[in-house]
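So the structure is just underneath, and the comments pick up after that.
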Amino acid sequence: MPTEELLLPETTVTASCGAECAIETYEEVYRKPATLVDVNMHYCPGCAHSLIHKLIMEVVEDMDIQEKTIGIAPVGCSVFAYDYMDIDMQEAAHGRAAAVATGVKRLMPDKYVFTYQGDGDLAAIGIGETIHAVNRGENILIVFVNNAVYGMTSGQMAPTTLNGMKTTTSPNGRSAELTGLPIKVAELMAQLGGAYFVTRQTISSPNAVRRTKKALLQAFQYQTLKKGTCFIEILSNCPSNWKMTPIESMKFIDEEMAKTFPLGDIKVPVTINTKTEGGIQ
Amino acid sequence: MDTIKIKTPKERKVKGKVEINIQKCKGCELCLTACKENALKLSDSINIKGYRYMIANNDLCTGCVNCAIICPDAVISVFRTHPKKKPVDITPENIKDTIKSIVI
Amino acid sequence: MEAKLMKGNEALAEAAIQAGCDAYFGYPITPQSEVLEYLAVEMPKHNRIVMQAESEVASINMVYGAAGAGFRAMTSSSSPGISLMAEGISYLAGAELPCLLVNVNRAGPGLGTIQPGQGDYFQATKGGGHGDYRMIVLAPASVQEMADHVFLGFDLADKYCNPVMILSDGAIGQMMEKVVFQPYIHNKVDKPWATVGKPASRNRNFITSLHIRPEDMEVQNQKLLDKYNLMRKQEVRYEEFQTEDAEYLFVAYGLSSRICQKAVDLAREKGIKVGLFRPISLFPFPYQRLEVLASQVKLMLSVELNTGQMVEDVQLAVKGKVPVEFYGRLGGMIPTPEEVLLHLEKLMQ
């Protein structure tokens with residue numbers, strides 16, 4: 001017998017020999033979702049865009065809806081989302097994802113349609129399209145990734161930039177007098193009649209990521225009910241433009257951003273049977 | 001000179017291990033803060049992209065999945081022992097196949 | 001076939017339904033609101049989608065979404081609204097999505113007036129949005145053509161995977177004439193690129209106009225250019241009226257061609273040999289036919305409802321062989337046939 005075959009990693013097998021051997025078997029408990037394309041992502045180290053891509057793709061895989069899902073990519077760092085998500089996607093003009101999603105969903109009401117947008121895209125140039133899509137109660141999911149700066153164009157001030165926060169276009173810190181206060185988009189959307197589920201989550205810790213994934217899962221499931229728009233704001237980071245390490249950026253989300261943008265559900269469907277297994281009835 | 005404290009593996013019911021795709025790792029260290037067992041650290045060498053990458057001490061791993069959940073680049077796979085130990089009969093005849101089925 | 005008396009805009013809308021248009025997204029603007037109004041009543045009867053969007057910007061992007069999903073989609077607007085759509089049109093052309101756009105041209109610039117104009121010729125034919133793109137532009141001159149061009153426009157859009165624009169004007173859109181709807185068979189084209197959800201059996205589809213590597217962008221630009229050249233070869237359309245023995249030639253499209261046609265009749269009564277050349281496709285422009293006519297006539301007069309736009313294409317076509325003159329009325333004013341003829345007679349002296 002060739003010896004190589006017996007060279008096993010120590011941690012893999014623990015065999016206590018006797019007349020009967022007890023062996024610990026390892027099972028896979030976590031891996032990259034198959035719906036996420038196996039390529040290097042262009043995002044900076046520690047950027048949560050790729051993390052949120054992964055979460056959405058996990059939900060698509062868990063629900064087994066790859067064949068029925070159409071995503072709309074924005075303009076911004078995540079413009080290449082279609083390179084990483086293994087689903088049919090359309091790349092929208094800057095800010096227009098909600099309108100494009102409307103076009104897709106109206107013609108294919110039984111498909112799952114979501115938009116993936118940043119704060120520059122959704123909260124600045126695209127706020128009009130977003131408000132109207134939510135007000136009409138389009139049965140889509142809007143994933144709003146809020147990292148308080150324009151990432152791709154290298155860190156300019158966004159509508160969600162915190163008061164006093166320094167960016168390349170607010171070098172002395174954002175001034176409320178000059179540029180107003182950050183827009184609380186999720187609260188704004190919750191005011192609209194067509195909004196069905198509005199929540200603000202983050203990805204700053206493993207548990208926060210779990211909560212975000214749960215919210216995404218719920219939102220995808222709600223689409224089948226055809227009761228209105230689901231809007232998930234995710235507080236995210238931009239280590240490169242915040243000039244922080246990824247770890248510092250996660251702390252900044254918890255300690256600073258969450259003060260301006262309180263986390264949690266803002267509008268939840270009235271009748272939820274939370275005890276029902278496998279989703280919402 | 002800094003000394004690195006190495007935790008000795010505790011007796012645990014559940015053991016884990018992680019596999020890291022080091023060529024895709026960007027060394028952002030988010031997994032490092034997520035790991036309560038200090039099983040992860042940054043390598044001294046760099047990968048093909050020029051990043052220092054994460055390496056794991058699987059003796060400390062509990063398979064809690066925290067590192068993989070927060071990994072932005074989805075480079076970590078996690079494995080865990082089944083909580084209930086399955087007794088397996090190993091005889092000289094089936095030893096090769098049994099070990100193969102466990103390892104692969 | 002039964003002839004109906006219809007408004008231009010309504011005939012266009014009815015044709016859209018008969019052409020199997022799956023979705024219409026629009027926004028009210030004079031003088032084309034009848035399209036949206038007509039479809040708001042009729043489309044639901046056929047289980048099609050009709051939506052009043054919050055802006056022209058939104059409606060063109062809804063068209064993008066629907067076209068990207070492989071459906072027949074259209075929108076319509078008038079000049080200021082088309083300017084708002086320019087971004088979306090550029091994206092549609094860049095992403096090579098078939099769709100039908102209608103511009104019921106009014107006079108401008110700015111908010112301008114709601115009366116007919118032809119000031120959007122440059123915008124339509126030279127690409128009103130950013131970047132290097134073209135779209136087929138059809139110019140109807142009657143209510144009948146408002147309907148016919150819808151069928152033709154949808155087919156051409158599908159054939160070339162490109163936006164097609166019907167460039168009408170406030171008068172053609174608002175006037176009532178008889179129209180006959182020819183039976184139309186919608187030969188559905190295969191759209192394997194459409195984003196309808198990715199089955200395991202194929203790679204994912206994505207609709208985009210982004211090619212960040214210059215090497216890729218150049219390949220895409222070249223592909224577009226080849227397509228535009230094919231259009232130039234295959235899709236030139238024009239109409240001639242009494243050009244066989246013409247010594248003088250009116251060149252006009254849309255509403256102004258109707259006026260010139262009458263002016264030709266008046267001139268012929270007077271014994272002046274005048275003909276009319278009417279481009280139906282403004283892009284591709286019938287350069288070659290005009291060049292041939294240039295060796296026959298003494299003078300060409302481009303009659304337009306603007307400050308002189310198509311006249312530049314006419315000059316390009318004749319390559320200096322004959323004088324090319326221009327006559328235009330502005331601001332929504334419409335010339336009479338007598339007025340046009342008088343201008344020609346002045347030039348003849």
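Labels for the structure tokens follow display order: chains A, B, ..., residues from 1 in each chain, ligands from 1.
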
Legend entry - Contacts of segment 37-52 of chain B at 7 Å (only C-alpha atoms; same-chain gap of 2+ positions) as JSON, numbers by chain: {"B": [22, 23, 26, 27, 32, 35, 54, 55, 56, 57, 58, 60, 61]}

Can I get the selection written as a short mmCIF file (atom, residue, chain, number, x, y, z; two decimals), in the first residue's frame, with N, CA and C atoms?
```cif
data_model
loop_
_atom_site.label_atom_id
_atom_site.label_comp_id
_atom_site.auth_asym_id
_atom_site.auth_seq_id
_atom_site.Cartn_x
_atom_site.Cartn_y
_atom_site.Cartn_z
N ILE B 22 -6.36 30.89 -0.09
CA ILE B 22 -5.40 31.97 0.19
C ILE B 22 -5.15 32.85 -1.02
N GLN B 23 -5.38 32.34 -2.22
CA GLN B 23 -5.12 33.18 -3.40
C GLN B 23 -6.17 34.27 -3.57
N LYS B 26 -7.75 38.72 0.77
CA LYS B 26 -7.15 40.05 0.67
C LYS B 26 -6.58 40.52 2.01
N GLY B 27 -6.61 39.65 2.99
CA GLY B 27 -6.00 39.98 4.28
C GLY B 27 -6.64 41.14 5.01
N LEU B 32 -10.44 37.82 11.57
CA LEU B 32 -9.62 37.74 12.77
C LEU B 32 -10.38 38.28 13.99
N CYS B 35 -13.24 35.94 15.10
CA CYS B 35 -12.91 34.64 15.70
C CYS B 35 -12.63 34.79 17.19
N MET B 54 -4.81 35.10 5.37
CA MET B 54 -5.11 34.53 6.68
C MET B 54 -4.69 33.07 6.71
N ILE B 55 -4.17 32.69 7.87
CA ILE B 55 -3.91 31.27 8.08
C ILE B 55 -4.59 30.85 9.38
N ALA B 56 -4.93 29.59 9.46
CA ALA B 56 -5.75 29.13 10.58
C ALA B 56 -5.02 28.06 11.38
N ASN B 57 -5.23 28.13 12.69
CA ASN B 57 -4.80 27.05 13.55
C ASN B 57 -6.03 26.21 13.85
N ASN B 58 -6.21 25.17 13.09
CA ASN B 58 -7.46 24.42 13.19
C ASN B 58 -7.63 23.69 14.52
N LEU B 60 -7.62 25.05 17.24
CA LEU B 60 -8.43 25.91 18.11
C LEU B 60 -9.85 26.10 17.58
N CYS B 61 -10.08 25.70 16.35
CA CYS B 61 -11.34 26.03 15.68
C CYS B 61 -12.51 25.23 16.26
#
```

I need the residues in segment 45-79 of chain B that are strand (DSSP E or B) according to DSSP; give them as a PDB file with N, CA and C atoms, in the first residue's frame.
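So the final result, stored in selection38.pdb, reads:
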```
ATOM      1  N   SER B  45       3.908  35.659   4.638  1.00  0.00           N
ATOM      2  CA  SER B  45       4.163  35.699   3.194  1.00  0.00           C
ATOM      3  C   SER B  45       2.950  36.270   2.462  1.00  0.00           C
ATOM      4  N   ILE B  46       3.128  36.535   1.193  1.00  0.00           N
ATOM      5  CA  ILE B  46       2.045  37.144   0.421  1.00  0.00           C
ATOM      6  C   ILE B  46       1.553  36.188  -0.661  1.00  0.00           C
ATOM      7  N   ARG B  52      -1.042  39.860   2.150  1.00  0.00           N
ATOM      8  CA  ARG B  52      -0.827  38.863   3.205  1.00  0.00           C
ATOM      9  C   ARG B  52      -2.170  38.195   3.449  1.00  0.00           C
ATOM     10  N   TYR B  53      -2.169  36.916   3.640  1.00  0.00           N
ATOM     11  CA  TYR B  53      -3.434  36.193   3.723  1.00  0.00           C
ATOM     12  C   TYR B  53      -3.626  35.581   5.098  1.00  0.00           C
ATOM     13  N   MET B  54      -4.808  35.096   5.366  1.00  0.00           N
ATOM     14  CA  MET B  54      -5.109  34.534   6.676  1.00  0.00           C
ATOM     15  C   MET B  54      -4.690  33.070   6.711  1.00  0.00           C
ATOM     16  N   ILE B  55      -4.165  32.693   7.875  1.00  0.00           N
ATOM     17  CA  ILE B  55      -3.908  31.270   8.078  1.00  0.00           C
ATOM     18  C   ILE B  55      -4.595  30.850   9.379  1.00  0.00           C
ATOM     19  N   ALA B  56      -4.934  29.589   9.459  1.00  0.00           N
ATOM     20  CA  ALA B  56      -5.748  29.128  10.580  1.00  0.00           C
ATOM     21  C   ALA B  56      -5.019  28.062  11.381  1.00  0.00           C
ATOM     22  N   ILE B  76     -13.524  31.510   2.847  1.00  0.00           N
ATOM     23  CA  ILE B  76     -13.420  30.542   3.940  1.00  0.00           C
ATOM     24  C   ILE B  76     -14.547  29.511   3.856  1.00  0.00           C
ATOM     25  N   SER B  77     -14.154  28.252   3.896  1.00  0.00           N
ATOM     26  CA  SER B  77     -15.137  27.179   4.060  1.00  0.00           C
ATOM     27  C   SER B  77     -14.942  26.605   5.448  1.00  0.00           C
ATOM     28  N   VAL B  78     -16.028  26.211   6.089  1.00  0.00           N
ATOM     29  CA  VAL B  78     -15.940  25.722   7.465  1.00  0.00           C
ATOM     30  C   VAL B  78     -16.478  24.301   7.538  1.00  0.00           C
ATOM     31  N   PHE B  79     -15.785  23.521   8.311  1.00  0.00           N
ATOM     32  CA  PHE B  79     -16.200  22.134   8.534  1.00  0.00           C
ATOM     33  C   PHE B  79     -16.313  21.905  10.026  1.00  0.00           C
TER      34      PHE B  79
END
```

Inset, instruction - For segment 41-44 of chain A, please output as a list in words all residues within 9 Å (counting only C-alpha atoms; exclusion window: fewer than 5 positions along the same chain). - result: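 Once the nearby chain positions are removed, what remains is His49, Ser50, Cys77, Ser78, Phe80, Asp83, Tyr84, Cys238, Pro239 and Ser240 of chain A; Lys24, Lys26, Cys28 and Asp73 of chain B.
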
Store the residues picked out above in a file with all heavy atoms, as a CSV table (one decimal), in the first residue's frame.
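Below is the file that was written, again-v7.csv:
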```csv
chain,number,residue,atom,x,y,z
A,49,HIS,N,-19.2,45.4,0.1
A,49,HIS,CA,-20.0,45.2,-1.1
A,49,HIS,C,-20.0,43.7,-1.4
A,49,HIS,O,-21.0,43.1,-1.7
A,49,HIS,CB,-19.4,45.9,-2.3
A,49,HIS,CG,-20.1,47.3,-2.5
A,49,HIS,ND1,-21.5,47.4,-2.5
A,49,HIS,CD2,-19.6,48.5,-2.8
A,49,HIS,CE1,-21.8,48.7,-2.8
A,49,HIS,NE2,-20.7,49.4,-2.9
A,50,SER,N,-18.8,43.1,-1.4
A,50,SER,CA,-18.7,41.7,-1.8
A,50,SER,C,-19.4,40.8,-0.8
A,50,SER,O,-20.0,39.8,-1.1
A,50,SER,CB,-17.2,41.3,-2.0
A,50,SER,OG,-16.4,41.9,-1.0
A,77,CYS,N,-19.4,51.6,-7.2
A,77,CYS,CA,-18.4,50.5,-7.1
A,77,CYS,C,-19.1,49.2,-7.5
A,77,CYS,O,-18.4,48.3,-8.1
A,77,CYS,CB,-17.9,50.4,-5.7
A,77,CYS,SG,-16.7,51.6,-5.3
A,78,SER,N,-20.3,49.0,-7.2
A,78,SER,CA,-21.0,47.7,-7.4
A,78,SER,C,-21.6,47.6,-8.8
A,78,SER,O,-22.4,46.8,-9.1
A,78,SER,CB,-22.1,47.5,-6.4
A,78,SER,OG,-22.9,48.7,-6.3
A,80,PHE,N,-20.2,46.4,-11.2
A,80,PHE,CA,-19.8,45.1,-11.8
A,80,PHE,C,-20.5,44.0,-11.1
A,80,PHE,O,-20.0,42.8,-11.2
A,80,PHE,CB,-18.3,44.9,-11.7
A,80,PHE,CG,-17.5,45.8,-12.6
A,80,PHE,CD1,-16.7,46.8,-12.1
A,80,PHE,CD2,-17.6,45.7,-13.9
A,80,PHE,CE1,-16.0,47.7,-12.9
A,80,PHE,CE2,-16.9,46.5,-14.8
A,80,PHE,CZ,-16.1,47.5,-14.3
A,83,ASP,N,-20.8,40.8,-12.7
A,83,ASP,CA,-19.7,39.9,-12.9
A,83,ASP,C,-19.6,38.8,-11.8
A,83,ASP,O,-18.9,37.8,-11.9
A,83,ASP,CB,-18.4,40.7,-12.9
A,83,ASP,CG,-18.1,41.3,-14.2
A,83,ASP,OD1,-18.7,40.9,-15.2
A,83,ASP,OD2,-17.2,42.2,-14.3
A,84,TYR,N,-20.2,39.1,-10.7
A,84,TYR,CA,-20.1,38.2,-9.5
A,84,TYR,C,-21.3,37.4,-9.1
A,84,TYR,O,-21.2,36.4,-8.5
A,84,TYR,CB,-19.7,39.1,-8.3
A,84,TYR,CG,-18.5,40.0,-8.6
A,84,TYR,CD1,-18.5,41.3,-8.3
A,84,TYR,CD2,-17.4,39.5,-9.2
A,84,TYR,CE1,-17.5,42.2,-8.6
A,84,TYR,CE2,-16.3,40.3,-9.5
A,84,TYR,CZ,-16.4,41.6,-9.2
A,84,TYR,OH,-15.3,42.5,-9.5
A,238,CYS,N,-16.5,51.8,3.8
A,238,CYS,CA,-15.6,52.1,2.7
A,238,CYS,C,-14.3,52.4,3.2
A,238,CYS,O,-13.9,53.6,3.4
A,238,CYS,CB,-16.2,53.4,1.9
A,238,CYS,SG,-15.3,53.7,0.4
A,239,PRO,N,-13.5,51.4,3.6
A,239,PRO,CA,-12.3,51.6,4.3
A,239,PRO,C,-11.3,52.5,3.5
A,239,PRO,O,-10.7,53.4,4.1
A,239,PRO,CB,-11.7,50.1,4.4
A,239,PRO,CG,-12.8,49.2,4.2
A,239,PRO,CD,-13.8,49.9,3.4
A,240,SER,N,-11.3,52.3,2.2
A,240,SER,CA,-10.3,53.1,1.4
A,240,SER,C,-10.6,54.6,1.5
A,240,SER,O,-9.7,55.4,1.7
A,240,SER,CB,-10.4,52.7,-0.1
A,240,SER,OG,-10.0,51.3,-0.2
B,24,LYS,N,-7.4,34.0,-3.0
B,24,LYS,CA,-8.4,35.1,-3.1
B,24,LYS,C,-8.5,36.0,-1.9
B,24,LYS,O,-9.2,37.0,-1.9
B,24,LYS,CB,-9.8,34.4,-3.4
B,24,LYS,CG,-10.0,34.0,-4.8
B,24,LYS,CD,-11.3,33.3,-5.0
B,24,LYS,CE,-12.5,34.2,-4.9
B,24,LYS,NZ,-13.8,33.4,-4.9
B,26,LYS,N,-7.7,38.7,0.8
B,26,LYS,CA,-7.2,40.0,0.7
B,26,LYS,C,-6.6,40.5,2.0
B,26,LYS,O,-6.2,41.7,2.1
B,26,LYS,CB,-8.2,41.1,0.2
B,26,LYS,CG,-8.6,40.8,-1.3
B,26,LYS,CD,-9.8,41.7,-1.7
B,26,LYS,CE,-10.3,41.4,-3.1
B,26,LYS,NZ,-11.6,42.0,-3.3
B,28,CYS,N,-8.0,41.3,4.9
B,28,CYS,CA,-8.6,42.4,5.5
B,28,CYS,C,-8.7,42.3,7.0
B,28,CYS,O,-9.0,43.2,7.7
B,28,CYS,CB,-10.0,42.7,4.9
B,28,CYS,SG,-11.2,41.4,5.3
B,73,ASP,N,-14.9,38.2,0.9
B,73,ASP,CA,-14.6,37.6,-0.4
B,73,ASP,C,-14.9,36.1,-0.5
B,73,ASP,O,-14.5,35.4,-1.4
B,73,ASP,CB,-13.1,37.8,-0.7
B,73,ASP,CG,-12.8,39.3,-0.9
B,73,ASP,OD1,-13.1,39.7,-2.1
B,73,ASP,OD2,-12.5,40.1,0.0
```

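Here the question is which of A:Leu36, A:Leu235, A:Ala208, A:Ile247 gets nearest to Ala148 of chain A using only C-alpha atoms, and that residue is A:Leu235.
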
Find the residues of chain A that sit at most 10 Å from chain C; for each, write down the nearest two atoms and how far apart they are in Å, to one decimal. Count only C-alpha atoms. Sort by chain, then by number going up, and give it as a tab-separated table.
```
residue	atom	partner	partner_atom	distance
A:Ile65	CA	C:Gly197	CA	8.7
A:Gln66	CA	C:Lys198	CA	6.2
A:Glu67	CA	C:Gly197	CA	4.5
A:Lys68	CA	C:Gly197	CA	4.7
A:Thr69	CA	C:Gly197	CA	5.3
A:Ile70	CA	C:Gly197	CA	5.8
A:Gly71	CA	C:Thr195	CA	9.0
A:Ile72	CA	C:Gly65	CA	8.9
A:Ala73	CA	C:Thr208	CA	9.3
A:Val75	CA	C:Leu210	CA	9.8
A:Val79	CA	C:Leu210	CA	8.7
A:Phe80	CA	C:Leu210	CA	8.9
A:Tyr82	CA	C:Phe206	CA	6.7
A:Asp83	CA	C:Phe206	CA	8.8
A:Met85	CA	C:Arg204	CA	8.8
A:Asp86	CA	C:Arg204	CA	6.1
A:Ile87	CA	C:Arg204	CA	5.4
A:Asp88	CA	C:Asn205	CA	4.8
A:Met89	CA	C:Phe206	CA	4.6
A:Gln90	CA	C:Ile207	CA	4.5
A:Glu91	CA	C:Thr208	CA	5.0
A:Ala92	CA	C:Thr208	CA	7.5
A:Ala93	CA	C:Tyr91	CA	7.1
A:His94	CA	C:Glu87	CA	9.7
A:Gly95	CA	C:Ala58	CA	9.9
A:Arg96	CA	C:Asn61	CA	6.5
A:Ala97	CA	C:Asn61	CA	8.0
A:Ala98	CA	C:Ala58	CA	8.6
A:Ala99	CA	C:Met62	CA	5.1
A:Val100	CA	C:Gly65	CA	4.3
A:Ala101	CA	C:Gly65	CA	6.1
A:Thr102	CA	C:Met62	CA	6.0
A:Gly103	CA	C:Met62	CA	4.1
A:Val104	CA	C:Gly65	CA	4.8
A:Lys105	CA	C:Ala66	CA	8.2
A:Arg106	CA	C:Ile49	CA	7.1
A:Leu107	CA	C:Ala66	CA	6.6
A:Met108	CA	C:Val196	CA	8.0
A:Lys111	CA	C:Gly197	CA	7.7
A:Tyr112	CA	C:Gly197	CA	8.8
A:Val113	CA	C:Gly197	CA	9.7
A:Gly126	CA	C:Ala58	CA	9.7
A:Gly128	CA	C:Glu54	CA	8.1
A:Glu129	CA	C:Ala58	CA	6.4
A:Thr130	CA	C:Ala58	CA	9.9
A:Ile131	CA	C:Glu54	CA	9.8
A:His132	CA	C:Glu54	CA	6.8
A:Ala133	CA	C:Glu54	CA	9.1
```
